[in-house]
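Containing mmCIF, C-alpha atoms: input17.cif.
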data_structure
loop_
_atom_site.label_atom_id
_atom_site.label_comp_id
_atom_site.auth_asym_id
_atom_site.auth_seq_id
_atom_site.Cartn_x
_atom_site.Cartn_y
_atom_site.Cartn_z
CA MET A 59 -35.12 26.60 15.18
CA SER A 60 -35.99 24.63 18.30
CA LYS A 61 -34.57 21.29 19.33
CA SER A 62 -37.89 19.65 18.54
CA GLU A 63 -37.90 20.73 14.89
CA THR A 64 -37.05 18.00 12.44
CA VAL A 65 -36.47 17.66 8.74
CA ARG A 66 -39.20 15.49 7.25
CA PHE A 67 -38.23 12.76 4.81
CA ARG A 68 -41.10 11.80 2.52
CA THR A 69 -39.07 8.91 1.15
CA ILE A 70 -35.58 7.69 1.94
CA LYS A 71 -33.87 6.61 -1.28
CA PRO A 72 -31.34 3.77 -1.03
CA GLU A 73 -28.83 6.14 -2.70
CA ILE A 74 -29.46 9.04 -0.31
CA ARG A 75 -26.45 11.38 -0.17
CA VAL A 76 -24.88 11.26 3.27
CA LEU A 77 -21.77 12.92 4.65
CA GLY A 78 -19.70 10.84 7.11
CA ILE A 79 -17.16 12.66 9.29
CA ASP A 80 -14.27 11.23 11.30
CA ASP A 81 -10.85 12.31 12.57
CA GLY A 82 -7.49 10.58 12.35
CA ASN A 83 -5.48 9.27 15.28
CA PHE A 84 -3.07 11.74 16.77
CA VAL A 85 -0.62 12.04 19.62
CA PRO A 86 -2.67 13.66 22.42
CA ARG A 87 -1.47 17.12 23.39
CA GLU A 88 1.45 16.83 20.94
CA GLU A 89 0.02 18.34 17.78
CA GLY A 90 -2.02 21.49 17.53
CA LEU A 91 -4.29 20.51 14.63
CA VAL A 92 -6.03 17.31 13.63
CA ASP A 93 -7.59 16.53 10.25
CA LEU A 94 -11.34 15.98 10.07
CA ILE A 95 -12.34 14.10 6.93
CA GLY A 96 -15.80 14.27 5.39
CA VAL A 97 -16.86 11.62 2.90
CA VAL A 98 -19.90 12.00 0.62
CA TYR A 99 -21.46 8.61 -0.01
CA ARG A 100 -24.46 7.54 -2.02
CA GLY A 101 -26.27 5.42 0.56
CA GLY A 102 -24.02 2.48 1.36
CA TYR A 103 -22.88 2.14 -2.25
CA TRP A 104 -20.33 4.50 -3.67
CA LEU A 105 -18.14 7.46 -2.85
CA GLU A 106 -18.89 10.77 -4.49
CA GLY A 107 -16.71 13.31 -2.74
CA VAL A 108 -14.20 14.04 -0.01
CA MET A 109 -13.65 17.16 2.05
CA ARG A 110 -11.33 18.12 4.87
CA THR A 111 -10.95 20.59 7.66
CA GLU A 112 -8.62 20.99 10.64
CA ILE A 113 -9.59 21.33 14.28
CA GLU A 114 -7.61 21.99 17.44
CA VAL A 115 -6.69 19.21 19.85
CA ASP A 116 -9.01 19.61 22.88
CA GLY A 117 -10.26 22.82 21.22
CA MET A 118 -13.76 24.31 20.96
CA ASP A 119 -13.95 24.74 17.18
CA ALA A 120 -15.30 21.40 15.85
CA THR A 121 -18.93 22.54 15.42
CA GLU A 122 -18.00 25.75 13.63
CA LYS A 123 -15.31 24.15 11.46
CA ILE A 124 -17.62 21.34 10.33
CA ALA A 125 -20.38 23.83 9.52
CA THR A 126 -17.98 25.95 7.45
CA MET A 127 -16.61 22.91 5.61
CA VAL A 128 -20.09 21.59 4.79
CA ARG A 129 -21.46 24.93 3.58
CA ALA A 130 -18.38 25.52 1.39
CA SER A 131 -18.68 22.12 -0.27
CA PRO A 132 -19.99 21.78 -3.85
CA HIS A 133 -21.98 18.81 -2.50
CA TYR A 134 -23.86 20.90 0.10
CA ASN A 135 -27.10 21.25 -1.85
CA GLN A 136 -27.29 17.53 -2.57
CA LEU A 137 -26.53 16.34 0.95
CA ARG A 138 -29.44 15.04 3.02
CA VAL A 139 -27.86 14.06 6.34
CA ILE A 140 -24.60 14.34 8.28
CA MET A 141 -23.21 11.40 10.22
CA LEU A 142 -20.53 11.75 12.85
CA ASP A 143 -18.29 9.16 14.48
CA GLY A 144 -19.53 10.14 17.94
CA ILE A 145 -19.55 13.73 19.13
CA THR A 146 -15.96 14.07 20.43
CA PHE A 147 -13.08 14.65 18.01
CA ALA A 148 -9.38 15.47 18.45
CA GLY A 149 -9.53 14.65 22.14
CA PHE A 150 -12.38 16.63 23.70
CA ASN A 151 -13.29 18.98 20.87
CA ILE A 152 -17.02 18.31 21.18
CA VAL A 153 -19.57 18.82 18.40
CA ASP A 154 -22.87 20.35 19.51
CA ILE A 155 -25.08 18.45 17.07
CA THR A 156 -28.12 20.62 17.76
CA GLU A 157 -26.10 23.72 16.93
CA LEU A 158 -24.61 22.01 13.86
CA PHE A 159 -28.11 21.14 12.64
CA GLN A 160 -29.17 24.77 13.08
CA LYS A 161 -26.09 26.07 11.26
CA VAL A 162 -26.27 23.83 8.20
CA LYS A 163 -29.99 22.90 8.18
CA LEU A 164 -29.14 19.24 7.73
CA PRO A 165 -30.08 16.51 10.20
CA VAL A 166 -27.16 15.12 12.19
CA ILE A 167 -26.73 11.53 13.39
CA ALA A 168 -23.82 10.72 15.73
CA ILE A 169 -22.95 7.04 15.97
CA VAL A 170 -20.83 5.16 18.49
CA ARG A 171 -20.10 1.45 18.80
CA GLU A 172 -19.93 1.46 22.61
CA LYS A 173 -22.13 3.32 25.04
CA PRO A 174 -19.95 6.12 26.41
CA ASN A 175 -19.52 6.59 30.14
CA LEU A 176 -20.94 10.09 30.65
CA GLU A 177 -19.69 10.38 34.21
CA GLU A 178 -16.10 9.76 33.04
CA ILE A 179 -16.49 12.34 30.29
CA ARG A 180 -17.83 14.92 32.72
CA LYS A 181 -14.81 14.38 34.98
CA ALA A 182 -12.33 14.60 32.10
CA LEU A 183 -13.87 17.87 30.97
CA GLU A 184 -13.05 19.46 34.34
CA ASN A 185 -9.37 19.50 33.36
CA LEU A 186 -10.07 21.57 30.25
CA PRO A 187 -10.99 25.21 29.60
CA GLU A 188 -14.74 25.98 29.48
CA PRO A 189 -15.92 22.64 30.91
CA GLU A 190 -19.51 23.92 31.23
CA LYS A 191 -19.81 24.72 27.55
CA ARG A 192 -18.37 21.34 26.61
CA TRP A 193 -20.73 19.55 28.96
CA ALA A 194 -23.65 21.49 27.44
CA ALA A 195 -22.68 20.10 24.02
CA VAL A 196 -22.68 16.58 25.47
CA LYS A 197 -26.13 17.15 26.95
CA ASN A 198 -27.43 18.73 23.72
CA ALA A 199 -26.67 15.50 21.87
CA GLY A 200 -29.68 14.00 23.65
CA LYS A 201 -30.34 10.42 24.55
CA LEU A 202 -28.39 7.50 23.16
CA SER A 203 -30.56 4.94 21.45
CA LYS A 204 -29.69 1.46 20.24
CA VAL A 205 -29.86 0.63 16.53
CA ARG A 206 -29.41 -2.84 15.16
CA THR A 207 -27.51 -2.46 11.89
CA ARG A 208 -26.56 -6.07 11.12
CA GLY A 209 -28.44 -8.70 13.09
CA ALA A 210 -27.88 -9.31 16.78
CA GLU A 211 -24.12 -8.65 16.79
CA GLY A 212 -24.42 -5.39 14.89
CA THR A 213 -25.63 -3.01 17.54
CA VAL A 214 -24.57 0.63 17.62
CA TYR A 215 -25.78 3.68 19.53
CA MET A 216 -26.93 6.92 17.99
CA GLN A 217 -27.80 10.47 18.98
CA THR A 218 -29.69 12.71 16.60
CA ALA A 219 -30.63 16.30 15.86
CA GLY A 220 -33.23 17.45 13.35
CA ILE A 221 -34.49 14.01 12.36
CA SER A 222 -37.08 11.59 13.67
CA GLN A 223 -35.92 8.43 15.42
CA VAL A 224 -37.48 6.20 12.79
CA ASP A 225 -35.96 8.07 9.83
CA ALA A 226 -32.52 8.08 11.45
CA GLU A 227 -32.73 4.35 12.13
CA THR A 228 -33.74 3.64 8.54
CA ILE A 229 -30.82 5.66 7.16
CA VAL A 230 -28.27 4.14 9.53
CA ARG A 231 -29.46 0.62 8.82
CA ASN A 232 -29.72 1.06 5.02
CA THR A 233 -26.21 2.49 4.71
CA SER A 234 -24.38 -0.05 6.92
CA LEU A 235 -23.58 -2.55 4.18
CA ARG A 236 -20.00 -3.65 4.88
CA SER A 237 -19.75 -3.36 8.65
CA ASN A 238 -21.85 -2.37 11.67
CA ILE A 239 -21.57 1.32 10.81
CA PRO A 240 -22.62 3.33 7.74
CA GLU A 241 -20.22 3.14 4.79
CA ALA A 242 -19.61 6.90 4.85
CA LEU A 243 -18.26 6.60 8.41
CA ARG A 244 -16.29 3.42 7.75
CA VAL A 245 -14.58 5.06 4.76
CA ALA A 246 -14.04 8.42 6.52
CA HIS A 247 -12.27 6.50 9.27
CA ILE A 248 -9.99 4.67 6.80
CA ILE A 249 -9.05 7.86 4.97
CA ALA A 250 -8.48 9.87 8.14
CA SER A 251 -6.35 7.10 9.68
CA GLY A 252 -4.35 6.58 6.47
CA PHE A 253 -3.53 10.27 6.37
CA ALA A 254 -2.68 10.53 10.03
CA LYS A 255 -0.26 7.61 9.65
CA SER A 256 1.48 9.03 6.59
CA LYS A 257 1.74 12.44 8.29
CA GLU A 258 3.41 10.83 11.28
CA ARG A 259 5.82 8.92 9.06
CA PHE A 260 6.80 12.06 7.12
CA LYS A 261 7.34 13.85 10.42
CA ARG A 262 9.60 11.07 11.72
CA GLU A 263 11.55 11.01 8.45
CA ASN A 264 11.98 14.78 8.53
CA LEU A 265 13.22 14.64 12.12
CA LYS A 266 15.63 11.85 11.21
CA GLY A 267 16.82 13.85 8.20
CA LYS A 268 17.44 16.88 10.37
CA GLY A 269 19.28 14.78 12.95
CA THR A 270 21.63 13.48 10.29
CA ARG A 271 22.34 16.92 8.92
CA ALA A 272 23.04 18.27 12.40
CA ARG A 273 25.87 15.84 13.04
CA MET B 66 13.06 -10.09 -14.15
CA SER B 67 12.68 -9.37 -17.84
CA LYS B 68 10.02 -7.22 -19.45
CA SER B 69 8.40 -10.35 -20.88
CA GLU B 70 7.83 -11.92 -17.47
CA THR B 71 4.27 -11.77 -16.25
CA VAL B 72 2.36 -12.68 -13.13
CA ARG B 73 -0.07 -15.47 -13.94
CA PHE B 74 -3.62 -15.23 -12.66
CA ARG B 75 -5.31 -18.60 -12.37
CA THR B 76 -8.60 -16.93 -11.59
CA ILE B 77 -9.57 -13.29 -11.27
CA LYS B 78 -11.98 -12.89 -8.36
CA PRO B 79 -14.59 -10.13 -8.66
CA GLU B 80 -13.29 -8.85 -5.30
CA ILE B 81 -9.63 -8.84 -6.34
CA ARG B 82 -7.62 -6.37 -4.25
CA VAL B 83 -6.36 -3.54 -6.42
CA LEU B 84 -4.46 -0.38 -5.56
CA GLY B 85 -5.42 2.74 -7.52
CA ILE B 86 -3.00 5.69 -7.48
CA ASP B 87 -3.60 9.31 -8.47
CA ASP B 88 -2.27 12.76 -7.64
CA GLY B 89 -4.09 15.95 -6.72
CA ASN B 90 -4.19 19.13 -8.76
CA PHE B 91 -1.43 21.59 -7.97
CA VAL B 92 -0.07 24.90 -9.12
CA PRO B 93 2.66 23.97 -11.65
CA ARG B 94 6.16 24.95 -10.56
CA GLU B 95 4.71 26.65 -7.45
CA GLU B 96 4.82 23.89 -4.90
CA GLY B 97 7.67 21.52 -4.26
CA LEU B 98 5.67 18.44 -3.23
CA VAL B 99 2.44 16.90 -4.45
CA ASP B 100 0.39 14.22 -2.67
CA LEU B 101 0.02 10.83 -4.33
CA ILE B 102 -2.94 8.92 -2.96
CA GLY B 103 -3.23 5.13 -3.09
CA VAL B 104 -6.63 3.52 -2.59
CA VAL B 105 -7.09 -0.18 -1.86
CA TYR B 106 -10.32 -1.41 -3.38
CA ARG B 107 -11.98 -4.80 -3.45
CA GLY B 108 -12.71 -5.11 -7.17
CA GLY B 109 -15.17 -2.35 -8.03
CA TYR B 110 -17.05 -2.73 -4.77
CA TRP B 111 -15.66 -1.32 -1.58
CA LEU B 112 -12.75 0.59 -0.14
CA GLU B 113 -10.42 -1.19 2.21
CA GLY B 114 -7.49 1.17 2.74
CA VAL B 115 -5.83 4.44 1.88
CA MET B 116 -2.15 5.34 1.69
CA ARG B 117 -0.23 8.46 0.77
CA THR B 118 3.17 9.60 -0.33
CA GLU B 119 4.66 12.85 -1.62
CA ILE B 120 6.55 13.39 -4.86
CA GLU B 121 8.36 16.36 -6.32
CA VAL B 122 6.81 18.54 -9.02
CA ASP B 123 8.57 17.61 -12.28
CA GLY B 124 10.86 15.39 -10.20
CA MET B 125 12.28 11.92 -10.84
CA ASP B 126 11.09 10.16 -7.69
CA ALA B 127 7.58 8.86 -8.52
CA THR B 128 8.64 5.24 -9.23
CA GLU B 129 10.74 4.94 -6.09
CA LYS B 130 8.22 6.71 -3.85
CA ILE B 131 5.34 4.54 -5.02
CA ALA B 132 7.40 1.38 -4.54
CA THR B 133 8.31 2.44 -0.99
CA MET B 134 4.71 3.34 -0.15
CA VAL B 135 3.38 0.03 -1.47
CA ARG B 136 5.95 -2.12 0.29
CA ALA B 137 5.40 -0.30 3.59
CA SER B 138 1.64 -0.80 3.44
CA PRO B 139 -0.10 -3.37 5.67
CA HIS B 140 -2.10 -4.25 2.54
CA TYR B 141 0.97 -5.16 0.48
CA ASN B 142 0.64 -8.95 0.83
CA GLN B 143 -3.02 -8.91 -0.16
CA LEU B 144 -2.65 -6.65 -3.20
CA ARG B 145 -2.80 -8.27 -6.62
CA VAL B 146 -2.37 -5.38 -9.03
CA ILE B 147 -1.48 -1.68 -9.12
CA MET B 148 -3.41 0.75 -11.29
CA LEU B 149 -2.13 4.20 -12.17
CA ASP B 150 -3.92 7.22 -13.59
CA GLY B 151 -1.51 7.37 -16.53
CA ILE B 152 2.26 7.35 -16.06
CA THR B 153 2.92 11.07 -15.45
CA PHE B 154 2.26 12.63 -12.06
CA ALA B 155 2.97 16.04 -10.53
CA GLY B 156 3.80 17.51 -13.91
CA PHE B 157 6.40 15.29 -15.59
CA ASN B 158 7.39 13.02 -12.73
CA ILE B 159 7.12 9.85 -14.80
CA VAL B 160 6.56 6.36 -13.42
CA ASP B 161 8.59 3.62 -15.09
CA ILE B 162 5.96 0.89 -14.81
CA THR B 163 8.40 -1.87 -15.77
CA GLU B 164 10.74 -0.79 -12.99
CA LEU B 165 7.81 -0.46 -10.57
CA PHE B 166 6.69 -4.00 -11.42
CA GLN B 167 10.23 -5.25 -10.75
CA LYS B 168 10.47 -3.37 -7.46
CA VAL B 169 7.17 -4.48 -5.95
CA LYS B 170 6.52 -7.73 -7.86
CA LEU B 171 2.97 -6.66 -8.62
CA PRO B 172 1.58 -6.16 -12.12
CA VAL B 173 1.01 -2.53 -13.07
CA ILE B 174 -1.76 -1.17 -15.30
CA ALA B 175 -1.68 2.52 -16.30
CA ILE B 176 -4.96 3.89 -17.61
CA VAL B 177 -5.70 7.09 -19.54
CA ARG B 178 -8.97 8.33 -20.98
CA GLU B 179 -7.39 10.03 -23.99
CA LYS B 180 -4.56 8.76 -26.14
CA PRO B 181 -1.55 10.91 -25.20
CA ASN B 182 0.45 12.75 -27.87
CA LEU B 183 3.89 11.20 -27.46
CA GLU B 184 5.60 13.74 -29.70
CA GLU B 185 4.34 16.60 -27.50
CA ILE B 186 5.52 14.79 -24.38
CA ARG B 187 8.98 14.21 -25.89
CA LYS B 188 9.29 17.94 -26.67
CA ALA B 189 8.11 18.99 -23.20
CA LEU B 190 10.69 16.70 -21.61
CA GLU B 191 13.50 18.60 -23.35
CA ASN B 192 12.91 21.53 -21.00
CA LEU B 193 13.52 19.37 -17.92
CA PRO B 194 16.58 17.79 -16.32
CA GLU B 195 17.44 14.25 -17.48
CA PRO B 196 15.08 14.19 -20.48
CA GLU B 197 16.59 10.89 -21.74
CA LYS B 198 15.78 9.04 -18.53
CA ARG B 199 12.23 10.41 -18.55
CA TRP B 200 11.75 9.45 -22.17
CA ALA B 201 13.02 5.95 -21.39
CA ALA B 202 10.26 5.63 -18.76
CA VAL B 203 7.68 6.68 -21.37
CA LYS B 204 9.01 4.06 -23.80
CA ASN B 205 9.16 1.40 -21.07
CA ALA B 206 5.42 1.76 -20.58
CA GLY B 207 4.97 -0.05 -23.88
CA LYS B 208 2.15 0.19 -26.34
CA LEU B 209 -1.20 1.79 -25.57
CA SER B 210 -4.13 -0.53 -26.10
CA LYS B 211 -7.83 0.23 -26.15
CA VAL B 212 -10.15 -1.30 -23.56
CA ARG B 213 -13.90 -0.99 -23.63
CA THR B 214 -15.02 -0.62 -20.04
CA ARG B 215 -18.67 0.38 -20.45
CA GLY B 216 -20.13 -0.19 -23.91
CA ALA B 217 -19.14 1.90 -26.92
CA GLU B 218 -18.75 5.22 -25.09
CA GLY B 219 -16.59 3.75 -22.36
CA THR B 220 -13.25 3.41 -24.07
CA VAL B 221 -9.97 3.94 -22.22
CA TYR B 222 -6.33 3.19 -23.05
CA MET B 223 -3.99 1.09 -20.98
CA GLN B 224 -0.31 0.25 -20.72
CA THR B 225 0.82 -2.72 -18.68
CA ALA B 226 3.81 -4.35 -17.04
CA GLY B 227 3.94 -7.86 -15.64
CA ILE B 228 0.49 -8.95 -16.75
CA SER B 229 -1.02 -10.44 -19.88
CA GLN B 230 -3.20 -8.26 -22.07
CA VAL B 231 -6.24 -10.44 -21.49
CA ASP B 232 -5.88 -10.51 -17.69
CA ALA B 233 -5.37 -6.74 -17.56
CA GLU B 234 -8.47 -6.16 -19.70
CA THR B 235 -10.55 -8.43 -17.48
CA ILE B 236 -9.47 -6.62 -14.31
CA VAL B 237 -9.98 -3.15 -15.80
CA ARG B 238 -13.42 -4.04 -17.13
CA ASN B 239 -14.59 -5.86 -13.97
CA THR B 240 -13.62 -3.01 -11.67
CA SER B 241 -15.09 -0.12 -13.72
CA LEU B 242 -18.56 -0.17 -12.17
CA ARG B 243 -19.47 3.50 -11.67
CA SER B 244 -17.63 5.21 -14.51
CA ASN B 245 -15.34 4.42 -17.44
CA ILE B 246 -12.39 3.81 -15.14
CA PRO B 247 -11.79 1.37 -12.29
CA GLU B 248 -13.33 2.38 -8.96
CA ALA B 249 -9.93 2.45 -7.24
CA LEU B 250 -8.79 5.15 -9.68
CA ARG B 251 -12.05 7.10 -9.60
CA VAL B 252 -11.92 7.22 -5.80
CA ALA B 253 -8.16 7.96 -5.64
CA HIS B 254 -8.84 10.94 -7.90
CA ILE B 255 -11.67 12.24 -5.68
CA ILE B 256 -9.60 11.92 -2.50
CA ALA B 257 -6.48 13.47 -4.02
CA SER B 258 -8.47 16.39 -5.48
CA GLY B 259 -10.41 16.95 -2.26
CA PHE B 260 -7.15 17.18 -0.34
CA ALA B 261 -5.42 19.39 -2.83
CA LYS B 262 -8.36 21.81 -2.69
CA SER B 263 -8.47 21.96 1.11
CA LYS B 264 -4.68 22.43 1.23
CA GLU B 265 -4.94 25.36 -1.14
CA ARG B 266 -7.75 26.91 0.92
CA PHE B 267 -5.79 26.56 4.17
CA LYS B 268 -2.78 28.14 2.46
CA ARG B 269 -4.85 31.10 1.26
CA GLU B 270 -6.39 31.53 4.72
CA ASN B 271 -2.98 31.39 6.38
CA LEU B 272 -1.62 33.99 3.97
CA LYS B 273 -4.63 36.20 4.67
CA GLY B 274 -4.13 35.70 8.41
CA LYS B 275 -0.46 36.66 8.15
CA GLY B 276 -1.30 39.72 6.09
CA THR B 277 -3.67 40.93 8.77
CA ARG B 278 -1.17 40.43 11.54
CA ALA B 279 1.50 42.28 9.59
CA ARG B 280 -0.50 45.49 9.35
#

Could the structure of this file be written out as structure tokens, please?
Amino acid sequence: MSKSETVRFRTIKPEIRVLGIDDGNFVPREEGLVDLIGVVYRGGYWLEGVMRTEIEVDGMDATEKIATMVRASPHYNQLRVIMLDGITFAGFNIVDITELFQKVKLPVIAIVREKPNLEEIRKALENLPEPEKRWAAVKNAGKLSKVRTRGAEGTVYMQTAGISQVDAETIVRNTSLRSNIPEALRVAHIIASGFAKSKERFKRENLKGKGTRAR
Amino acid sequence: MSKSETVRFRTIKPEIRVLGIDDGNFVPREEGLVDLIGVVYRGGYWLEGVMRTEIEVDGMDATEKIATMVRASPHYNQLRVIMLDGITFAGFNIVDITELFQKVKLPVIAIVREKPNLEEIRKALENLPEPEKRWAAVKNAGKLSKVRTRGAEGTVYMQTAGISQVDAETIVRNTSLRSNIPEALRVAHIIASGFAKSKERFKRENLKGKGTRAR
């Protein structure tokens, strides 16, 4: 499948099934694995499913792990599009959205609120293993284009694979009902953050508990 | 605070902030801890937050752990009511909803789809430590009353603490927009199940991995 191939949408239903993926906060370089949460939403309306995988901090496994999670999901056949909170997760574990599209045969839309500074990213990658491969994933995400989701103040940027610009814009706009970003991504962020926080708390409590016993 | 005390609602906004709590599936008696997921919902409309705690299988800590989770949440001051998927979690870890109401000063509504067989529950409790205390929690939940959430086929049963029957019915009915149960509970169930499933898968994969290394 070439980069130029796209999935054609004859119609885009308001309740189109989308998967939104985000990661939780984490202490950089402290933990080995970070949760990635996938949320199945019907358009911008209601939640239908949740899935999870784990990826390595600054690792190279995000694309493969997402593909495996999506294909293993009972929702796979109903899903129409995948949305990502940007292309970098768990530090610099970068998703190659073109590769992801080829692996799962679903269009991918990556959304960011702020235009990323590519030069800074390129420099940061130099401190990591396989910087060339990571940079290739950044380049494969293609150009960043502006989408207005909610009037003048609601501007986000997207990168796409396997979908036309106009279809991607329609889906992003139609599903951004409660904030500037699609509901699936807003909710994936809340769930991933909630879990990361509770994990951290449990960890602290366990450490405290151990400290007490050691005395 | 006595059992007869209730929180008075002057008005019940359609976007009232409710917390729905459910647990994930688990292998009975196999695992020590089960996730409890709390979901903050605005009425039946949109998700605003997620929290998590862990309780022991067949343990006695559900009431205390939920109270601690709720009080520690940044959403605590905005919450108006707590909804539970029944009163038994992680096997027979029973929530005393009257005690929970007293601990967090928020009304509690426990909802079940089927009327539970109390005699069967009483017998099952005899095989566990502190059966009297568990049975007291069951009795403290008070009488089960029918609520029609979506026409004739949408009947559920509820038990309440700290709220009038009519207010509880209004809240349960107003927030059950996509199924027979309130959205906060439907979504808490999906998140908790999704996590339990992924946990199980990771566990299996880790065991497989270990087996390979051992050869």

Give me the residues near Glu121 (chain B) as a PDB file with C-alpha atoms, in the coordinates of the input, where near means some atom within 9 Å (using all atoms listed in the file) and where sequence neighbours in that chain fewer than 4 positions away do not count.
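Full text of part.pdb as output:
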ATOM      1  CA  GLU B  96       4.820  23.890  -4.900  1.00  0.00           C
ATOM      2  CA  GLY B  97       7.670  21.520  -4.260  1.00  0.00           C
ATOM      3  CA  LEU B  98       5.670  18.440  -3.230  1.00  0.00           C
ATOM      4  CA  VAL B  99       2.440  16.900  -4.450  1.00  0.00           C
ATOM      5  CA  MET B 125      12.280  11.920 -10.840  1.00  0.00           C
ATOM      6  CA  ASP B 126      11.090  10.160  -7.690  1.00  0.00           C
ATOM      7  CA  ALA B 127       7.580   8.860  -8.520  1.00  0.00           C
ATOM      8  CA  ALA B 155       2.970  16.040 -10.530  1.00  0.00           C
ATOM      9  CA  GLY B 156       3.800  17.510 -13.910  1.00  0.00           C
ATOM     10  CA  ASN B 158       7.390  13.020 -12.730  1.00  0.00           C
TER      11      ASN B 158
END

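The nearest approach to Gly114 (chain B) among the residues B:Leu144, B:Leu165, B:Ile159, B:Ile186, with only C-alpha atoms taken into account, belongs to B:Leu144.
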
So what does the PyMOL selection byres ((chain A and resi 252) around 9) actually pick up in this one, as number ranges by chain? A: 82, 247-251, 253-257; B: 114-117

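Residues in contact with Lys201 (chain A) at 9 Å, where all atoms listed in the file are counted and same-chain residues fewer than 4 positions away are skipped, are listed as Lys197, Met216, Gln217 and Thr218 of chain A.
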
Take the PyMOL selection byres ((chain A and resi 194) around 12), run it mentally on this structure, and tell me the resulting residues as a VMD selection string. chain A and resid 152 to 157 179 to 180 183 188 to 193 195 to 200
